[in-house]
Every structure is written in C-alpha cells, then in structure tokens.
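The structure appears right after this line, and notes come after that.
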Amino acid sequence: MTEPKILRETFSVCPVCLKKIKAQVVEKGGKVLIEKDCDEHGHFYDTYWSRADLYHQAEKIKKPSATPFQDNCPLGCGINNCPNHLSKTVMAVIDVTNECDLRCPICFANASKPANLYRPSQETIHDMLKFLKKQQPSPLAVMFAGGEPTVRDDIVDIVQMAHNLKYMILLATNGIRMANDPELVKNLKKAGLNIVYLQFDGLTDGPYEKLRGAKLLPHKLRLVELCRKHDIEIILVPTLQGEINDNEVGDIIRFAAKNVDIIRGIVFQPMAFTGRTPENISRENRIDNSLLAQRIAEQTKGMISEDDLYPVSVMVPPLKVMNTFLDKAWPPFTPTPYCGLWNWILVSKRGNHMFTPLNRFLNFKAFMSDLTALDKQIETGKISKLGIYMRLFLASFRSLDWKKVQREAGLLNAVKTLVKIHTNPSYDSLGFIRRRLLLIGCMAFMDPYTFDVERAHNCVIHYITPDNKIMPFCVYNMMYRQQTEQKFCMPQISVRQKSKV
C-alpha cells in the first residue's frame with residue numbers, strides 16, 4: 001500500500017472543544033484526508049476530497065499558501081478588522097431571523113421556533129446594509145437568510161431597503177410561504193427581489209422526508225411556476241448526502257435545464273456537520289466536491305465531465321479585465337480551490353435535454369492565457385481601452401470552436417457577447433443567451449471536522465452581524481452564530497404558531 005503523503009500543513013479545530021489545533025492535509029489511497037490531534041480529545045480525520053486527482057487538478061488554478069497562517073484565526077473573528085484576511089466580500093449574508101416554519105433535522109443554523117427570538121429591526125438591517133456599502137469594494141450581492149426569512153411579515157420592506165441601496169438581492173428560502181402566498185411573490189418582485197435561492201433537495205419525496213421531515217416537493221414546483229409568472233429568477237440549492245439524494249443530481253440538472261428560462265443555476269451543497277446535523281446524520285456517507293463532480297459526470301452521461309468543473313478563482317483574469325471598464329470595481333473571486341467547483345452550461349436551442357459546458361465552445365487554456373497576458377498589460381497602464389477591445393476580439397476568434405459556436409449561437413453574436421461581458425458585465429450583456437445559461441456549482445462548506453484555516457482566510461461569502469462584524473460563512477456557523485443570536489435576541493418572546501405544511 002502506498003505510504004501516506006503529506007500535501008500541506010494547516011490549522012484546524014478540535015470537533016469536540018473547538019480549540020485551534022495543527023492539522024495535516026494528507027493523500028492516502030487515492031483520497032485526500034484532513035487529520036489532526038487534540039491533546040484532550042484525541043485523533044480525528046475526515047475526507048477532504050474523495051479523489052486526489054481532482055484535488056490536484058483544482059490546485060492548478062490557485063496554489064495554497066506556502067506556510068500555514070500563524071495568527072489566531074478563527075478566534076476573535078471580524079475580517080473588516082483583520083489585516084490577514086485575503087479576500088473581499090463577494091456576497092454578504094444577513095440573517096433576518098432564527099425562526100423557521102420547519103424543523104429540519106439537518107439545519108446548520110439550528111433554526112426552529114425559538115423562545116429567544118433573533119430578529120434584527122429594520123433600522124438595524126438598514127444600518128448593516130449601509131455599512132456594507134462603505135466597504136472597498138462593496139459586495140456584489142446581499143442574501144437575506146435565517147431561519148426562514150419569509151416568516152417575517154416585513155420581508156418585503158427589507159428587500160425594498162436593499163433595492164434602494166442598489167444591491168443584487170437573493171432570498172434564501174424553503175419556499176413554503178411563498179408557494180402558498182402568490183401576493184407575497186408579486187410584492188417581492190415589485191420590491192426588487194432578483195433571485196429566489198430555493199432549498200431543493202430532489203425530485204422525489206424521499207429526500208425531503210429524510211432531510212426536512214415533510215413532503216415538500218409540491219411547494220417547490222408551485223413556487224417555480226409563481227416565479228416564472230412574476231419573472232423572479234431562481235437558484236436551486238440541494239443539500240446533498242450520500243445514499244439519500246446523491247442519486248438525484250442528474251435529475252435536478254435536467255429539471256433546471258428544462259426550466260432554464262427562469263432557473264439561473266444550481267448550487268449543490270454537500271452536508272456540513274454543524275447545527276442539528278451531527279445529531280441526525282452520519283458522516284460516513286459525506287459527499288465532497290470531487291465526489292459530486294463524479295456524480296455529475298455519471299448522471300449526465302458525460303455531458304458535463306469532471307474536467308468541465310473549475311474552482312471559482314478561475315474567474316480572476318476575466319474580472320481584472322472587467323474592472324478596467326467599471327466605475328466601481330467588483331470584488332475579486334479569490335476563494336481557495338478547495339471551496340467549490342463551478343461552470344456555466346448552455347442549454348441547446350435544439351432541445352433542453354441537451355447542454356454543453358461553456359469551456360467546450362473554445363480552447364479554454366488558450367483563452368485564459370490570453371486574458372492573463374492582457375491583465376499584465378493593463379497593470380502596466382500601457383494599453384488603451386480600444387486596445388483591450390481589440391485584444392478581446394482576437395482572443396475570442398483565436399479560441400472559439402467555430403463549428404460549435406455557429407450551431408448554437410452564431411459566431412459573430414458569440415464574439416460580441418464575449419467582448420460585451422468583459423467590458424460591460426451585466427445580465428443585459430449576456431443578450432440572447434441569458435435565458436439559456438445555467439450555472440452548475442458546488443459549495444462544500446466547512447464544519448469542525450473539515451475546517452482548514454487556509455479556506456477561512458480566503459473566504460468570499462461573509463455574514464454581517466448587527467454590530468457590523470463581518471465573518472467568513474463557515475467560521476460564523478461553527479463558532480459565532482449561537483453567541484451572536486444570544487447577544488442580540490429578544491428574550492422571552494412568545495412566538496406565534498405557524499400553520500403546518
């Protein structure tokens with residue numbers, strides 16, 4: 001048997017006491033594991049990536065730090081006051097309540113019908129939104145979450161506040177109240193809601209019964225139709241666990257492709273063992289990024305392969321070009337390669353049962369190489385905007401697969417769209433292909449077993465608290481959620497009973 005190989009040193013936490021401890025990322029038997037020892041509680045290990053080949057492939061996009069960080073992360077967290085945090089906020093998350101109309105066995109936020117209600121006032125939320133606007137650069141988007149944000153009767157007003165401040169707005173929801181209240185959907189659209197970030201665990205009843213404790217699929221399907229009626233785009237968010245719903249990955253992708261006019265993407269989320277989850281689900285069948293990539297390839301019969309999925313930091317060269325043309329720069333997409341894998345697929349005009357990852361329409365390596373070279377020229381200040389336009393045109397023509405592009409989009413239209421995306425990035429710049437593009441993504445959030453300080457230092461999805469602390473998503477859920485909710489709760493509030501599903 002091959003001897004274990006230490007890939008890198010890092011810091012993690014003890015899953016029992018959450019004390020910061022040293023850890024090693026190790027390749028063993030074709031897998032990548034994270035191993036650590038706590039002086040008090042002993043040895044722990046968990047699967048980091050089930051396939052070492054895909055782990056190494058992802059690292060080609062962005063290399064980890066040469067040495068592990070020696071600061072106190074994740075203790076005393078607040079990245080707006082942390083000189084060592086390496087990434088800016090791409091999306092900010094605001095929990096508007098810890099109340100929920102479900103009690104999912106796997107809730108990472110441990111939301112329910114609490115005796116002590118966490119429910120920031122509209123004034124507090126407005127202050128949080130204004131504080132985020134002052135960040136340099138400010139986040140591209142804000143997500144309202146919880147708990148279940150739609151249990152707040154003033155959720156429309158909260159969305160309107162964010163819209164007035166010119167945020168792209170996402171609403172993370174189980175969809176129950178919206179599916180049963182068409183007027184709410186209509187009012188959210190009027191208030192400026194851009195995307196429903198919809199919990200969506202499968203296309204059969206089984207996953208919902210096991211993961212949510214109720215048969216919820218009819219609510220999900222009803223909400224898709226309501227969102228289509230009111231033109232609110234949807235991102236499906238399946239929480240994945242082996243032997244529960246990992247066999248439905250392909251069906252979820254095909255469902256999204258069939259409804260690509262209103263569904264903008266899927267963000268698969270492998271189970272994270274925080275909140276209530278460890279009490280109810282075994283880590284034995286944990287899904288990780290590489291295992292999900294394999295499931296996608298298997299269940300789409302190769303229409304999307306493992307090689308078609310990239311770490312999100314692959315977007316750094318295009319973003320540098322885009323920022324040249326923007327009055328206000330976008331934050332760079334700089335998480336580690338271990339956080340997730342992504343790509344866009346184009347649903348074929350010949351039928352929604354056919355789709356192609358965007359990288360297959362061009363020589364991807366050549367195109368990214370051209371953009372990287374262009375970035376270096378931009379940094380020197382020796383190229384004009386006209387020169388950038390010309391380089392983009394040349395890179396597009398040099399890299400595109402003419403035959404494929406002509407069949408699905410038309411060559412000239414495709415080149416114009418590529419250039420426009422880089423010089424005027426927006427939904428409108430996607431033009432005629434906007435309603436045929438579907439994001440396929442995987443975001444494997446960390447828990448106390450898989451925590452890696454390298455990922456925390458590079459996180460781009462951040463919570464903001466009522467006292468304006470900005471914290472990495474996984475760190476907040478592991479270590480700060482409970483104390484934040486306790487600090488800012490409304491003690492002894494009698495929470496009214498919600499109607500049953």
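Chain labels run A, B, ... following the order of the structure tokens; each chain numbers its residues from 1, and ligands are numbered from 1 in the order shown.
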- Name the residues in contact with His457 of chain A at a cut-off of 12 Å, using only C-alpha atoms, excluding same-chain residues fewer than 3 positions from it; report them as a ChimeraX atom specification. /A:10-11,64-65,68-74,77-79,82-89,334-336,339,451-454,460-462,471-475
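By only C-alpha atoms, and with residues fewer than 3 positions from Gln136 of chain A along its chain excluded, the set lying at most 9 Å from it is Lys88, Leu132, Lys133, Pro139, Ala329 and Pro331 of chain A.
Minimum atom-to-atom distances from A:Ala111, A:Ile440, A:Met271, A:Leu188 to Ile252 of chain A were compared using only C-alpha atoms, and the lowest value belongs to A:Ile440.
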- Item | DSSP strand (DSSP E) residues within segment 231-464 of chain A, listed as a PyMOL selection string | chain A and resi 233-237+239-240+263-270+340-347+355-357+437-443+461-464
Just to be explicit: take each residue in the selection above, keep C-alpha atoms, and write the result as a PDB file, in the first residue's frame.
ATOM      1  CA  GLU A 233     -35.116  34.102 -11.210  1.00  0.00           C
ATOM      2  CA  ILE A 234     -34.301  31.010  -9.169  1.00  0.00           C
ATOM      3  CA  ILE A 235     -31.163  29.241  -7.999  1.00  0.00           C
ATOM      4  CA  LEU A 236     -31.839  25.709  -6.768  1.00  0.00           C
ATOM      5  CA  VAL A 237     -29.923  24.727  -3.617  1.00  0.00           C
ATOM      6  CA  THR A 239     -28.220  19.813   0.304  1.00  0.00           C
ATOM      7  CA  LEU A 240     -26.537  16.531  -0.640  1.00  0.00           C
ATOM      8  CA  ILE A 263     -33.901  28.855 -13.225  1.00  0.00           C
ATOM      9  CA  ARG A 264     -30.496  30.548 -13.380  1.00  0.00           C
ATOM     10  CA  GLY A 265     -28.491  27.854 -11.696  1.00  0.00           C
ATOM     11  CA  ILE A 266     -27.930  25.106  -9.157  1.00  0.00           C
ATOM     12  CA  VAL A 267     -25.614  25.359  -6.163  1.00  0.00           C
ATOM     13  CA  PHE A 268     -25.160  21.894  -4.717  1.00  0.00           C
ATOM     14  CA  GLN A 269     -24.220  21.984  -1.045  1.00  0.00           C
ATOM     15  CA  PRO A 270     -22.695  18.821   0.433  1.00  0.00           C
ATOM     16  CA  GLY A 340     -16.143  24.575  -4.673  1.00  0.00           C
ATOM     17  CA  LEU A 341     -16.296  23.739  -8.371  1.00  0.00           C
ATOM     18  CA  TRP A 342     -18.314  25.638 -10.981  1.00  0.00           C
ATOM     19  CA  ASN A 343     -19.172  26.201 -14.614  1.00  0.00           C
ATOM     20  CA  TRP A 344     -21.907  27.566 -16.844  1.00  0.00           C
ATOM     21  CA  ILE A 345     -23.709  25.295 -19.265  1.00  0.00           C
ATOM     22  CA  LEU A 346     -25.539  26.423 -22.388  1.00  0.00           C
ATOM     23  CA  VAL A 347     -28.849  24.638 -22.914  1.00  0.00           C
ATOM     24  CA  PHE A 355     -26.499  21.107 -22.772  1.00  0.00           C
ATOM     25  CA  THR A 356     -22.825  21.969 -23.147  1.00  0.00           C
ATOM     26  CA  PRO A 357     -20.338  23.474 -20.647  1.00  0.00           C
ATOM     27  CA  LEU A 437     -27.374  29.788 -19.492  1.00  0.00           C
ATOM     28  CA  LEU A 438     -27.369  27.691 -16.350  1.00  0.00           C
ATOM     29  CA  LEU A 439     -24.822  27.854 -13.541  1.00  0.00           C
ATOM     30  CA  ILE A 440     -23.781  24.479 -12.134  1.00  0.00           C
ATOM     31  CA  GLY A 441     -21.900  24.869  -8.881  1.00  0.00           C
ATOM     32  CA  CYS A 442     -20.840  23.049  -5.754  1.00  0.00           C
ATOM     33  CA  MET A 443     -20.018  24.758  -2.476  1.00  0.00           C
ATOM     34  CA  ILE A 461     -19.051  34.730   1.369  1.00  0.00           C
ATOM     35  CA  HIS A 462     -19.477  36.580   4.639  1.00  0.00           C
ATOM     36  CA  TYR A 463     -22.066  37.098   7.337  1.00  0.00           C
ATOM     37  CA  ILE A 464     -22.550  40.532   8.818  1.00  0.00           C
TER      38      ILE A 464
END
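Here atom CA of Asn259 of chain A is placed at a distance of 21.9 Å from atom CA of Met168 of chain A.
Straight-line separation from atom CA of Asn174 of chain A to atom CA of Tyr480 of chain A: 23.4 Å.
Distance check against Arg212 of chain A using only C-alpha atoms: of A:Ser313, A:Met161, A:Cys104, A:Asp261, the minimum falls on A:Cys104.
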